[in-house]
Amino acid sequence: MSEENWIEVGSTDSIEEEDLIRFDHQDKTFCVYKLTDGFYATDGICTHEAVHLEDGLVMDDEIECPMHQGIFNIKSGEALSPPACEDLKTYPVKVDNDKIFIKID
Amino acid sequence: MKNNIIILGGGQAGIYAAREIRQNDPKSNIKILGEENLLPYERPPLSKDFLLDKKKAEDLYFHSSDVLKNENIEFENISINKVDFENKKLFAKNDNVYSYDSLLISTGSENKKLTLDNNLKNDIYYLRNLEEAKKIKEIVSNKNKITIIGGGFIGLEIASSLSQLQKKVIVIEIGNQLMGRIIPKQIADLVQNTHIEHGNEIILNKQIEKITKKNDDYEILLNDNSLIETDFIIAGIGSTPTVKLFENTNLKLDNGIVTNQFCETSIKDVYAAGDVSNFYHPFYERNMRLESYQHAQNHGICAGKNIAGVKTEYTSIPWMWSDQFNLNLQLTGICDEYDEIIERGNDINNGVIYFFLKNNKIRGACGVGVIGKVGRDIRITSKLTEKDTIVDKQILSDQNLKLNKLIQK
(Lines give C-alpha, C1' and ligand atoms only; values in the text may rest on other atoms or scores of the structure.)
Protein backbone atom coordinates (compact mmCIF):
# COMPACT_ATOMS: atom_id res chain seq x y z
CA MET A 1 0.00 0.00 0.00
CA SER A 2 1.64 3.19 -1.09
CA GLU A 3 1.27 6.47 0.74
CA GLU A 4 -0.16 8.32 -2.26
CA ASN A 5 -3.45 6.40 -2.01
CA TRP A 6 -4.35 8.46 1.06
CA ILE A 7 -6.25 11.53 -0.05
CA GLU A 8 -6.78 14.51 2.23
CA VAL A 9 -10.45 15.30 2.75
CA GLY A 10 -10.33 18.25 5.14
CA SER A 11 -9.92 19.14 8.77
CA THR A 12 -11.52 17.11 11.54
CA ASP A 13 -13.64 20.09 12.64
CA SER A 14 -15.24 20.34 9.18
CA ILE A 15 -17.76 17.64 10.15
CA GLU A 16 -20.17 17.78 13.06
CA GLU A 17 -20.69 14.66 15.09
CA GLU A 18 -23.34 12.32 13.62
CA ASP A 19 -23.07 14.11 10.32
CA LEU A 20 -21.25 13.84 7.04
CA ILE A 21 -19.61 15.82 4.29
CA ARG A 22 -19.42 15.09 0.62
CA PHE A 23 -15.98 14.76 -0.90
CA ASP A 24 -15.37 14.69 -4.65
CA HIS A 25 -12.15 13.31 -5.99
CA GLN A 26 -11.43 12.95 -9.70
CA ASP A 27 -14.72 11.61 -11.08
CA LYS A 28 -15.91 9.96 -7.87
CA THR A 29 -18.02 11.13 -4.97
CA PHE A 30 -17.51 9.98 -1.39
CA CYS A 31 -19.20 10.63 1.92
CA VAL A 32 -17.08 11.10 5.02
CA TYR A 33 -18.82 10.70 8.36
CA LYS A 34 -18.07 11.63 11.93
CA LEU A 35 -19.65 9.14 14.31
CA THR A 36 -19.27 9.05 18.10
CA ASP A 37 -16.24 6.73 17.81
CA GLY A 38 -14.45 8.24 14.85
CA PHE A 39 -14.44 8.95 11.13
CA TYR A 40 -15.70 6.69 8.34
CA ALA A 41 -16.04 6.88 4.57
CA THR A 42 -18.29 5.32 1.96
CA ASP A 43 -19.20 5.83 -1.67
CA GLY A 44 -21.23 9.01 -2.01
CA ILE A 45 -23.95 7.65 -4.29
CA CYS A 46 -26.77 5.33 -3.21
CA THR A 47 -26.62 1.83 -4.71
CA HIS A 48 -30.36 1.85 -5.41
CA GLU A 49 -30.65 4.89 -7.66
CA ALA A 50 -28.02 7.45 -8.52
CA VAL A 51 -28.70 9.84 -5.66
CA HIS A 52 -26.13 11.68 -3.57
CA LEU A 53 -26.13 10.49 0.03
CA GLU A 54 -24.75 13.83 1.26
CA ASP A 55 -28.30 15.00 2.00
CA GLY A 56 -29.19 11.78 3.79
CA LEU A 57 -29.85 11.28 7.48
CA VAL A 58 -27.07 9.98 9.71
CA MET A 59 -28.35 8.28 12.84
CA ASP A 60 -26.25 6.06 15.07
CA ASP A 61 -24.12 4.07 12.61
CA GLU A 62 -26.52 4.37 9.69
CA ILE A 63 -26.97 6.55 6.65
CA GLU A 64 -30.38 6.78 5.07
CA CYS A 65 -30.80 7.85 1.45
CA PRO A 66 -32.82 11.10 1.18
CA MET A 67 -34.73 9.94 -1.87
CA HIS A 68 -36.16 6.50 -1.18
CA GLN A 69 -35.07 5.71 2.40
CA GLY A 70 -32.68 2.87 1.66
CA ILE A 71 -30.49 2.43 4.78
CA PHE A 72 -26.82 1.41 4.97
CA ASN A 73 -24.48 0.66 7.85
CA ILE A 74 -21.78 3.32 7.58
CA LYS A 75 -19.02 1.13 9.05
CA SER A 76 -19.62 -2.00 6.98
CA GLY A 77 -21.55 -0.55 4.04
CA GLU A 78 -24.18 -3.26 4.49
CA ALA A 79 -27.58 -2.51 2.90
CA LEU A 80 -29.95 -2.76 5.88
CA SER A 81 -33.32 -1.76 4.54
CA PRO A 82 -35.05 -2.02 1.17
CA PRO A 83 -35.24 -0.64 -1.47
CA ALA A 84 -31.44 -0.71 -1.09
CA CYS A 85 -30.17 -4.28 -1.46
CA GLU A 86 -26.65 -3.79 -2.79
CA ASP A 87 -24.01 -2.87 -0.19
CA LEU A 88 -22.26 0.49 -0.20
CA LYS A 89 -18.49 0.44 -0.66
CA THR A 90 -16.51 1.62 2.36
CA TYR A 91 -13.00 3.12 2.53
CA PRO A 92 -10.34 3.25 5.25
CA VAL A 93 -10.00 6.59 7.03
CA LYS A 94 -7.14 7.98 9.12
CA VAL A 95 -6.63 11.20 11.02
CA ASP A 96 -3.24 12.87 11.01
CA ASN A 97 -2.61 16.31 12.58
CA ASP A 98 -6.33 17.08 12.69
CA LYS A 99 -6.66 16.28 9.01
CA ILE A 100 -8.88 13.49 7.66
CA PHE A 101 -7.53 11.20 4.94
CA ILE A 102 -9.33 8.45 3.05
CA LYS A 103 -7.69 5.63 1.19
CA ILE A 104 -9.05 5.27 -2.31
CA ASP A 105 -8.09 2.14 -4.23
CA MET B 1 -45.54 -27.47 10.67
CA LYS B 2 -45.46 -27.28 6.90
CA ASN B 3 -48.20 -25.11 5.46
CA ASN B 4 -49.32 -24.18 1.98
CA ILE B 5 -49.12 -20.43 1.78
CA ILE B 6 -50.52 -18.73 -1.28
CA ILE B 7 -49.93 -15.12 -2.15
CA LEU B 8 -52.52 -13.87 -4.60
CA GLY B 9 -50.97 -10.94 -6.45
CA GLY B 10 -47.45 -10.69 -7.80
CA GLY B 11 -46.58 -7.10 -6.96
CA GLN B 12 -44.38 -5.45 -4.38
CA ALA B 13 -46.43 -6.36 -1.29
CA GLY B 14 -46.55 -9.98 -2.47
CA ILE B 15 -42.82 -10.44 -3.02
CA TYR B 16 -41.84 -8.72 0.23
CA ALA B 17 -44.35 -10.85 2.12
CA ALA B 18 -43.01 -14.02 0.51
CA ARG B 19 -39.41 -13.29 1.46
CA GLU B 20 -40.40 -12.31 5.00
CA ILE B 21 -42.36 -15.53 5.45
CA ARG B 22 -39.35 -17.50 4.27
CA GLN B 23 -37.07 -15.73 6.77
CA ASN B 24 -39.32 -16.85 9.61
CA ASP B 25 -40.50 -20.16 8.23
CA PRO B 26 -37.98 -22.30 6.35
CA LYS B 27 -40.36 -25.18 5.66
CA SER B 28 -43.72 -24.04 4.32
CA ASN B 29 -44.58 -23.99 0.64
CA ILE B 30 -44.82 -20.41 -0.61
CA LYS B 31 -46.41 -19.73 -3.95
CA ILE B 32 -47.07 -16.35 -5.56
CA LEU B 33 -49.84 -16.28 -8.17
CA GLY B 34 -49.37 -13.30 -10.48
CA GLU B 35 -51.59 -12.03 -13.28
CA GLU B 36 -48.68 -10.57 -15.20
CA ASN B 37 -46.17 -12.94 -16.73
CA LEU B 38 -43.35 -11.09 -15.02
CA LEU B 39 -41.58 -11.47 -11.71
CA PRO B 40 -42.51 -8.67 -9.28
CA TYR B 41 -41.06 -5.39 -10.51
CA GLU B 42 -40.81 -1.76 -9.41
CA ARG B 43 -43.52 0.46 -10.81
CA PRO B 44 -42.30 3.98 -9.87
CA PRO B 45 -39.75 4.13 -12.73
CA LEU B 46 -42.43 3.33 -15.36
CA SER B 47 -43.59 6.94 -15.52
CA LYS B 48 -40.10 8.38 -15.19
CA ASP B 49 -36.79 6.64 -15.97
CA PHE B 50 -38.42 3.97 -18.14
CA LEU B 51 -40.16 6.53 -20.38
CA LEU B 52 -36.93 8.52 -20.48
CA ASP B 53 -34.97 5.41 -21.49
CA LYS B 54 -32.73 5.70 -18.43
CA LYS B 55 -33.95 2.31 -17.20
CA LYS B 56 -34.78 -0.81 -19.18
CA ALA B 57 -37.46 -3.35 -18.33
CA GLU B 58 -34.86 -5.77 -16.98
CA ASP B 59 -33.65 -3.14 -14.48
CA LEU B 60 -37.04 -3.07 -12.77
CA TYR B 61 -37.25 -6.49 -11.11
CA PHE B 62 -37.11 -6.45 -7.31
CA HIS B 63 -35.27 -9.75 -7.25
CA SER B 64 -33.90 -12.13 -9.84
CA SER B 65 -35.37 -15.59 -10.40
CA ASP B 66 -32.23 -16.94 -8.66
CA VAL B 67 -33.21 -15.20 -5.41
CA LEU B 68 -36.67 -16.75 -5.55
CA LYS B 69 -35.19 -20.16 -6.40
CA ASN B 70 -32.67 -19.96 -3.54
CA GLU B 71 -35.43 -19.08 -1.09
CA ASN B 72 -37.74 -21.73 -2.52
CA ILE B 73 -40.47 -19.26 -3.44
CA GLU B 74 -42.58 -20.35 -6.39
CA PHE B 75 -44.00 -17.84 -8.85
CA GLU B 76 -46.79 -18.82 -11.22
CA ASN B 77 -48.40 -16.67 -13.89
CA ILE B 78 -52.08 -17.49 -13.56
CA SER B 79 -55.42 -15.72 -13.41
CA ILE B 80 -57.76 -16.74 -10.59
CA ASN B 81 -61.48 -16.36 -11.21
CA LYS B 82 -63.09 -17.89 -8.13
CA VAL B 83 -62.34 -18.11 -4.43
CA ASP B 84 -63.85 -20.58 -1.97
CA PHE B 85 -62.85 -19.26 1.45
CA GLU B 86 -64.77 -21.97 3.30
CA ASN B 87 -62.80 -24.81 1.72
CA LYS B 88 -59.65 -22.71 1.33
CA LYS B 89 -59.37 -23.09 -2.42
CA LEU B 90 -58.65 -20.84 -5.38
CA PHE B 91 -59.87 -21.72 -8.86
CA ALA B 92 -58.04 -20.59 -11.99
CA LYS B 93 -59.46 -19.86 -15.41
CA ASN B 94 -57.64 -22.92 -16.77
CA ASP B 95 -59.34 -25.18 -14.16
CA ASN B 96 -56.28 -25.44 -11.92
CA VAL B 97 -57.21 -25.56 -8.23
CA TYR B 98 -54.95 -24.20 -5.49
CA SER B 99 -55.45 -25.18 -1.85
CA TYR B 100 -54.06 -23.03 0.91
CA ASP B 101 -53.67 -23.05 4.67
CA SER B 102 -52.94 -19.31 4.71
CA LEU B 103 -53.78 -16.82 1.98
CA LEU B 104 -52.38 -13.35 1.46
CA ILE B 105 -54.35 -11.14 -0.92
CA SER B 106 -52.09 -8.54 -2.50
CA THR B 107 -53.97 -7.89 -5.72
CA GLY B 108 -53.20 -4.16 -5.63
CA SER B 109 -55.31 -1.56 -7.34
CA GLU B 110 -56.42 -0.75 -10.86
CA ASN B 111 -56.90 2.41 -12.85
CA LYS B 112 -60.21 4.19 -12.89
CA LYS B 113 -61.36 4.61 -16.46
CA LEU B 114 -62.95 7.64 -18.06
CA THR B 115 -66.59 7.21 -18.90
CA LEU B 116 -67.03 8.46 -22.41
CA ASP B 117 -70.12 8.52 -24.63
CA ASN B 118 -68.54 7.47 -27.84
CA ASN B 119 -66.43 4.45 -28.48
CA LEU B 120 -62.97 5.83 -27.73
CA LYS B 121 -62.09 3.15 -25.18
CA ASN B 122 -59.00 2.03 -27.07
CA ASP B 123 -57.85 5.56 -27.82
CA ILE B 124 -57.24 6.62 -24.23
CA TYR B 125 -54.09 5.26 -22.61
CA TYR B 126 -53.46 4.51 -18.93
CA LEU B 127 -50.24 3.66 -17.14
CA ARG B 128 -49.97 1.08 -14.39
CA ASN B 129 -47.98 -1.85 -15.70
CA LEU B 130 -44.92 -2.46 -17.82
CA GLU B 131 -46.91 -3.41 -20.92
CA GLU B 132 -48.82 -0.12 -20.81
CA ALA B 133 -45.60 1.82 -20.26
CA LYS B 134 -44.00 0.12 -23.27
CA LYS B 135 -46.99 1.01 -25.46
CA ILE B 136 -46.99 4.64 -24.35
CA LYS B 137 -43.26 4.93 -24.87
CA GLU B 138 -43.52 3.52 -28.38
CA ILE B 139 -46.49 5.64 -29.46
CA VAL B 140 -45.36 8.99 -28.02
CA SER B 141 -42.18 8.82 -30.05
CA ASN B 142 -44.37 9.76 -33.05
CA LYS B 143 -46.62 12.26 -31.24
CA ASN B 144 -46.06 15.91 -30.46
CA LYS B 145 -48.98 17.39 -28.57
CA ILE B 146 -50.04 15.18 -25.70
CA THR B 147 -52.91 15.72 -23.31
CA ILE B 148 -52.95 14.23 -19.85
CA ILE B 149 -56.28 13.99 -18.11
CA GLY B 150 -55.81 14.14 -14.35
CA GLY B 151 -53.26 16.21 -12.42
CA GLY B 152 -52.27 13.62 -9.84
CA PHE B 153 -48.87 12.00 -9.21
CA ILE B 154 -48.94 9.69 -12.22
CA GLY B 155 -50.22 12.29 -14.68
CA LEU B 156 -47.67 14.88 -13.56
CA GLU B 157 -44.78 12.43 -13.61
CA ILE B 158 -45.69 11.46 -17.18
CA ALA B 159 -46.06 15.18 -18.02
CA SER B 160 -42.58 15.80 -16.65
CA SER B 161 -41.07 12.91 -18.62
CA LEU B 162 -42.78 13.82 -21.89
CA SER B 163 -41.70 17.44 -21.51
CA GLN B 164 -38.14 16.19 -21.12
CA LEU B 165 -38.69 14.29 -24.39
CA GLN B 166 -39.45 17.70 -26.00
CA LYS B 167 -43.21 17.09 -26.27
CA LYS B 168 -45.87 19.75 -25.88
CA VAL B 169 -47.89 18.66 -22.85
CA ILE B 170 -51.28 19.81 -21.57
CA VAL B 171 -52.58 18.64 -18.20
CA ILE B 172 -56.30 18.93 -17.49
CA GLU B 173 -57.35 18.68 -13.84
CA ILE B 174 -60.91 18.78 -12.57
CA GLY B 175 -59.96 20.18 -9.12
CA ASN B 176 -58.72 23.64 -8.19
CA GLN B 177 -55.16 22.42 -7.57
CA LEU B 178 -52.82 19.64 -8.66
CA MET B 179 -52.51 16.43 -6.59
CA GLY B 180 -55.44 17.64 -4.51
CA ARG B 181 -56.33 14.31 -2.94
CA ILE B 182 -53.31 14.27 -0.62
CA ILE B 183 -50.92 17.14 -1.30
CA PRO B 184 -51.42 20.53 0.39
CA LYS B 185 -52.11 23.38 -2.01
CA GLN B 186 -49.00 25.34 -0.98
CA ILE B 187 -46.76 22.51 -2.22
CA ALA B 188 -48.91 21.72 -5.26
CA ASP B 189 -48.59 25.33 -6.42
CA LEU B 190 -44.78 25.16 -6.28
CA VAL B 191 -44.85 21.98 -8.40
CA GLN B 192 -47.28 23.61 -10.82
CA ASN B 193 -44.92 26.57 -11.29
CA THR B 194 -42.12 24.20 -12.23
CA HIS B 195 -44.29 22.49 -14.85
CA ILE B 196 -45.22 25.86 -16.34
CA GLU B 197 -41.59 27.00 -16.35
CA HIS B 198 -40.77 23.91 -18.40
CA GLY B 199 -43.48 24.75 -20.93
CA ASN B 200 -46.26 22.44 -19.79
CA GLU B 201 -49.77 23.86 -19.89
CA ILE B 202 -51.83 23.26 -16.72
CA ILE B 203 -55.60 23.66 -16.91
CA LEU B 204 -57.40 23.56 -13.55
CA ASN B 205 -61.09 23.50 -12.61
CA LYS B 206 -62.16 22.06 -15.95
CA GLN B 207 -64.16 19.01 -16.83
CA ILE B 208 -64.09 17.03 -20.05
CA GLU B 209 -67.42 17.33 -21.88
CA LYS B 210 -66.58 15.39 -25.00
CA ILE B 211 -63.69 13.86 -26.88
CA THR B 212 -63.97 13.63 -30.66
CA LYS B 213 -61.65 11.78 -32.97
CA LYS B 214 -60.57 13.70 -36.08
CA ASN B 215 -58.54 11.46 -38.37
CA ASP B 216 -55.55 10.55 -36.20
CA ASP B 217 -56.03 13.48 -33.83
CA TYR B 218 -58.54 14.38 -31.12
CA GLU B 219 -60.57 17.37 -30.04
CA ILE B 220 -61.31 17.68 -26.35
CA LEU B 221 -64.24 19.90 -25.44
CA LEU B 222 -64.12 21.32 -21.92
CA ASN B 223 -67.05 22.52 -19.84
CA ASP B 224 -66.22 26.19 -20.52
CA ASN B 225 -66.62 25.39 -24.26
CA SER B 226 -62.90 25.69 -24.91
CA LEU B 227 -61.45 23.20 -27.34
CA ILE B 228 -58.10 21.43 -27.10
CA GLU B 229 -56.53 19.78 -30.11
CA THR B 230 -54.20 16.94 -29.33
CA ASP B 231 -52.70 13.89 -30.96
CA PHE B 232 -52.47 11.57 -27.95
CA ILE B 233 -54.41 11.24 -24.69
CA ILE B 234 -53.28 9.63 -21.44
CA ALA B 235 -55.56 9.51 -18.40
CA GLY B 236 -54.50 9.18 -14.77
CA ILE B 237 -57.63 9.77 -12.74
CA GLY B 238 -57.07 7.62 -9.70
CA SER B 239 -57.41 3.97 -8.87
CA THR B 240 -59.64 1.50 -7.08
CA PRO B 241 -58.66 -1.57 -5.10
CA THR B 242 -58.74 -4.82 -7.09
CA VAL B 243 -61.48 -6.70 -5.23
CA LYS B 244 -63.89 -7.89 -7.92
CA LEU B 245 -63.02 -11.51 -7.18
CA PHE B 246 -64.31 -11.14 -3.60
CA GLU B 247 -67.50 -9.18 -4.18
CA ASN B 248 -69.87 -12.06 -3.60
CA THR B 249 -67.99 -13.65 -0.72
CA ASN B 250 -67.98 -13.19 3.04
CA LEU B 251 -64.80 -11.14 2.92
CA LYS B 252 -65.47 -7.73 4.45
CA LEU B 253 -64.96 -5.00 1.88
CA ASP B 254 -65.10 -1.24 2.31
CA ASN B 255 -62.87 0.76 0.00
CA GLY B 256 -60.70 -2.35 -0.31
CA ILE B 257 -60.34 -5.33 1.98
CA VAL B 258 -60.83 -4.33 5.59
CA THR B 259 -57.93 -5.47 7.75
CA ASN B 260 -56.83 -4.90 11.32
CA GLN B 261 -53.35 -3.77 12.40
CA PHE B 262 -52.07 -7.35 11.92
CA CYS B 263 -53.10 -7.49 8.23
CA GLU B 264 -55.85 -9.95 9.17
CA THR B 265 -59.11 -9.80 7.20
CA SER B 266 -62.58 -10.74 8.42
CA ILE B 267 -61.88 -14.37 7.44
CA LYS B 268 -59.53 -16.55 9.47
CA ASP B 269 -56.20 -17.36 7.81
CA VAL B 270 -56.82 -14.77 5.11
CA TYR B 271 -54.61 -11.68 5.12
CA ALA B 272 -54.40 -8.63 2.87
CA ALA B 273 -51.60 -6.15 2.26
CA GLY B 274 -50.66 -3.23 0.05
CA ASP B 275 -52.96 -1.09 -2.11
CA VAL B 276 -55.88 -3.50 -1.78
CA SER B 277 -56.09 -3.28 2.00
CA ASN B 278 -58.05 -0.71 3.97
CA PHE B 279 -56.11 -1.22 7.18
CA TYR B 280 -56.44 -0.01 10.74
CA HIS B 281 -53.57 2.28 11.73
CA PRO B 282 -53.12 2.21 15.52
CA PHE B 283 -51.22 5.51 15.63
CA TYR B 284 -53.84 7.50 13.74
CA GLU B 285 -56.62 5.36 15.26
CA ARG B 286 -58.44 5.05 11.96
CA ASN B 287 -58.58 2.93 8.85
CA MET B 288 -56.76 4.05 5.74
CA ARG B 289 -55.87 2.76 2.31
CA LEU B 290 -52.53 3.79 0.85
CA GLU B 291 -51.08 3.47 -2.62
CA SER B 292 -47.36 3.88 -2.21
CA TYR B 293 -44.05 2.12 -2.64
CA GLN B 294 -43.04 2.23 1.03
CA HIS B 295 -46.44 1.01 2.15
CA ALA B 296 -46.54 -1.90 -0.31
CA GLN B 297 -43.10 -2.95 0.90
CA ASN B 298 -43.61 -2.54 4.64
CA HIS B 299 -47.18 -3.78 4.73
CA GLY B 300 -46.10 -6.87 2.76
CA ILE B 301 -43.29 -7.47 5.26
CA CYS B 302 -45.71 -7.05 8.18
CA ALA B 303 -48.21 -9.48 6.62
CA GLY B 304 -45.36 -11.94 6.05
CA LYS B 305 -44.41 -11.83 9.72
CA ASN B 306 -48.00 -12.37 10.85
CA ILE B 307 -48.54 -15.24 8.42
CA ALA B 308 -45.36 -16.87 9.73
CA GLY B 309 -46.70 -16.57 13.29
CA VAL B 310 -44.66 -13.55 14.40
CA LYS B 311 -47.49 -11.33 15.63
CA THR B 312 -46.59 -7.81 14.49
CA GLU B 313 -48.61 -4.57 14.48
CA TYR B 314 -48.37 -2.35 11.42
CA THR B 315 -47.38 1.07 12.74
CA SER B 316 -45.41 2.48 9.81
CA ILE B 317 -45.93 6.23 9.38
CA PRO B 318 -47.10 6.77 5.77
CA TRP B 319 -44.47 8.09 3.40
CA MET B 320 -44.47 8.68 -0.32
CA TRP B 321 -42.57 10.56 -2.94
CA SER B 322 -42.89 11.83 -6.47
CA ASP B 323 -40.11 12.96 -8.80
CA GLN B 324 -40.96 15.57 -11.42
CA PHE B 325 -38.33 17.43 -13.44
CA ASN B 326 -35.50 18.16 -10.97
CA LEU B 327 -37.89 18.14 -8.01
CA ASN B 328 -38.40 15.51 -5.35
CA LEU B 329 -41.66 15.82 -3.46
CA GLN B 330 -42.16 13.88 -0.24
CA LEU B 331 -45.04 13.42 2.14
CA THR B 332 -45.05 11.81 5.55
CA GLY B 333 -47.94 11.11 7.89
CA ILE B 334 -51.31 12.64 7.12
CA CYS B 335 -51.81 16.30 6.31
CA ASP B 336 -55.57 16.62 6.77
CA GLU B 337 -55.87 16.59 10.58
CA TYR B 338 -54.28 19.72 12.03
CA ASP B 339 -54.79 22.89 14.05
CA GLU B 340 -51.59 24.63 12.94
CA ILE B 341 -49.36 24.78 9.87
CA ILE B 342 -45.66 25.69 10.07
CA GLU B 343 -43.58 26.56 7.04
CA ARG B 344 -39.88 25.76 6.78
CA GLY B 345 -37.97 27.45 3.95
CA ASN B 346 -39.33 29.39 1.01
CA ASP B 347 -36.94 28.55 -1.81
CA ILE B 348 -37.46 25.38 -3.79
CA ASN B 349 -33.68 25.19 -4.37
CA ASN B 350 -33.16 24.63 -0.65
CA GLY B 351 -36.43 22.79 -0.07
CA VAL B 352 -39.76 23.95 1.31
CA ILE B 353 -41.67 21.95 3.93
CA TYR B 354 -45.08 22.46 5.49
CA PHE B 355 -45.66 20.76 8.84
CA PHE B 356 -49.19 19.94 9.95
CA LEU B 357 -49.51 19.96 13.73
CA LYS B 358 -52.21 19.01 16.15
CA ASN B 359 -51.80 19.75 19.86
CA ASN B 360 -48.17 20.78 19.20
CA LYS B 361 -47.30 17.40 17.70
CA ILE B 362 -46.63 16.68 14.06
CA ARG B 363 -49.34 14.64 12.30
CA GLY B 364 -47.84 14.98 8.85
CA ALA B 365 -45.57 17.05 6.62
CA CYS B 366 -45.16 17.65 2.95
CA GLY B 367 -42.14 19.10 1.24
CA VAL B 368 -40.69 19.73 -2.16
CA GLY B 369 -37.27 20.77 -3.33
CA VAL B 370 -34.51 20.15 -5.79
CA ILE B 371 -33.62 16.46 -5.52
CA GLY B 372 -32.07 15.62 -2.15
CA LYS B 373 -33.17 18.78 -0.34
CA VAL B 374 -36.19 17.61 1.65
CA GLY B 375 -35.56 13.90 2.24
CA ARG B 376 -33.56 14.22 5.45
CA ASP B 377 -35.99 16.61 7.11
CA ILE B 378 -39.01 14.58 6.03
CA ARG B 379 -37.40 11.44 7.45
CA ILE B 380 -36.69 13.14 10.76
CA THR B 381 -40.31 14.33 10.71
CA SER B 382 -41.50 10.72 10.36
CA LYS B 383 -39.49 9.83 13.44
CA LEU B 384 -40.83 12.81 15.40
CA THR B 385 -44.37 11.87 14.39
CA GLU B 386 -43.88 8.24 15.34
CA LYS B 387 -42.52 9.22 18.75
CA ASP B 388 -45.41 11.64 19.31
CA THR B 389 -42.89 14.35 20.19
CA ILE B 390 -43.99 17.81 21.29
CA VAL B 391 -41.93 19.94 18.93
CA ASP B 392 -40.13 23.25 19.23
CA LYS B 393 -41.79 25.36 16.53
CA GLN B 394 -38.86 27.74 16.35
CA ILE B 395 -36.61 24.91 15.15
CA LEU B 396 -39.25 23.65 12.72
CA SER B 397 -39.62 27.02 11.06
CA ASP B 398 -35.93 27.97 10.83
CA GLN B 399 -34.09 26.21 8.04
CA ASN B 400 -30.75 27.18 9.61
CA LEU B 401 -31.53 25.02 12.63
CA LYS B 402 -31.17 21.29 12.19
CA LEU B 403 -34.24 19.18 12.80
CA ASN B 404 -32.30 16.27 14.28
CA LYS B 405 -31.90 18.37 17.43
CA LEU B 406 -35.59 17.61 18.03
CA ILE B 407 -35.13 13.86 18.19
CA GLN B 408 -35.00 12.63 21.75
CA LYS B 409 -32.90 9.55 22.07
# chains A, B, ... in the order shown; residues from 1 in each chain; ligands from 1

call {"tool": "interface_residues", "arguments": {"of": "chain A", "to": "chain B", "cutoff": "6 Å", "atoms": "only C-alpha atoms", "output": "NGL selection string"}}
result
:A and (55-57 or 66-67)

call {"tool": "residues_around", "arguments": {"residues": "stretch 170-177 of chain B", "least_positions_apart": "4", "cutoff": "7 Å", "atoms": "only C-alpha atoms", "output": "PyMOL selection string"}}
result
chain B and resi 146-151+185+188+200-207

call {"tool": "residues_around", "arguments": {"residues": "A:Lys89", "least_positions_apart": "6", "cutoff": "10 Å", "atoms": "only C-alpha atoms", "output": "list in words"}}
result
Phe30, Ala41, Thr42, Asp43, Gly44, Ile45, Cys46, Thr47, Ile74, Lys75, Ser76, Gly77 and Glu78 of chain A
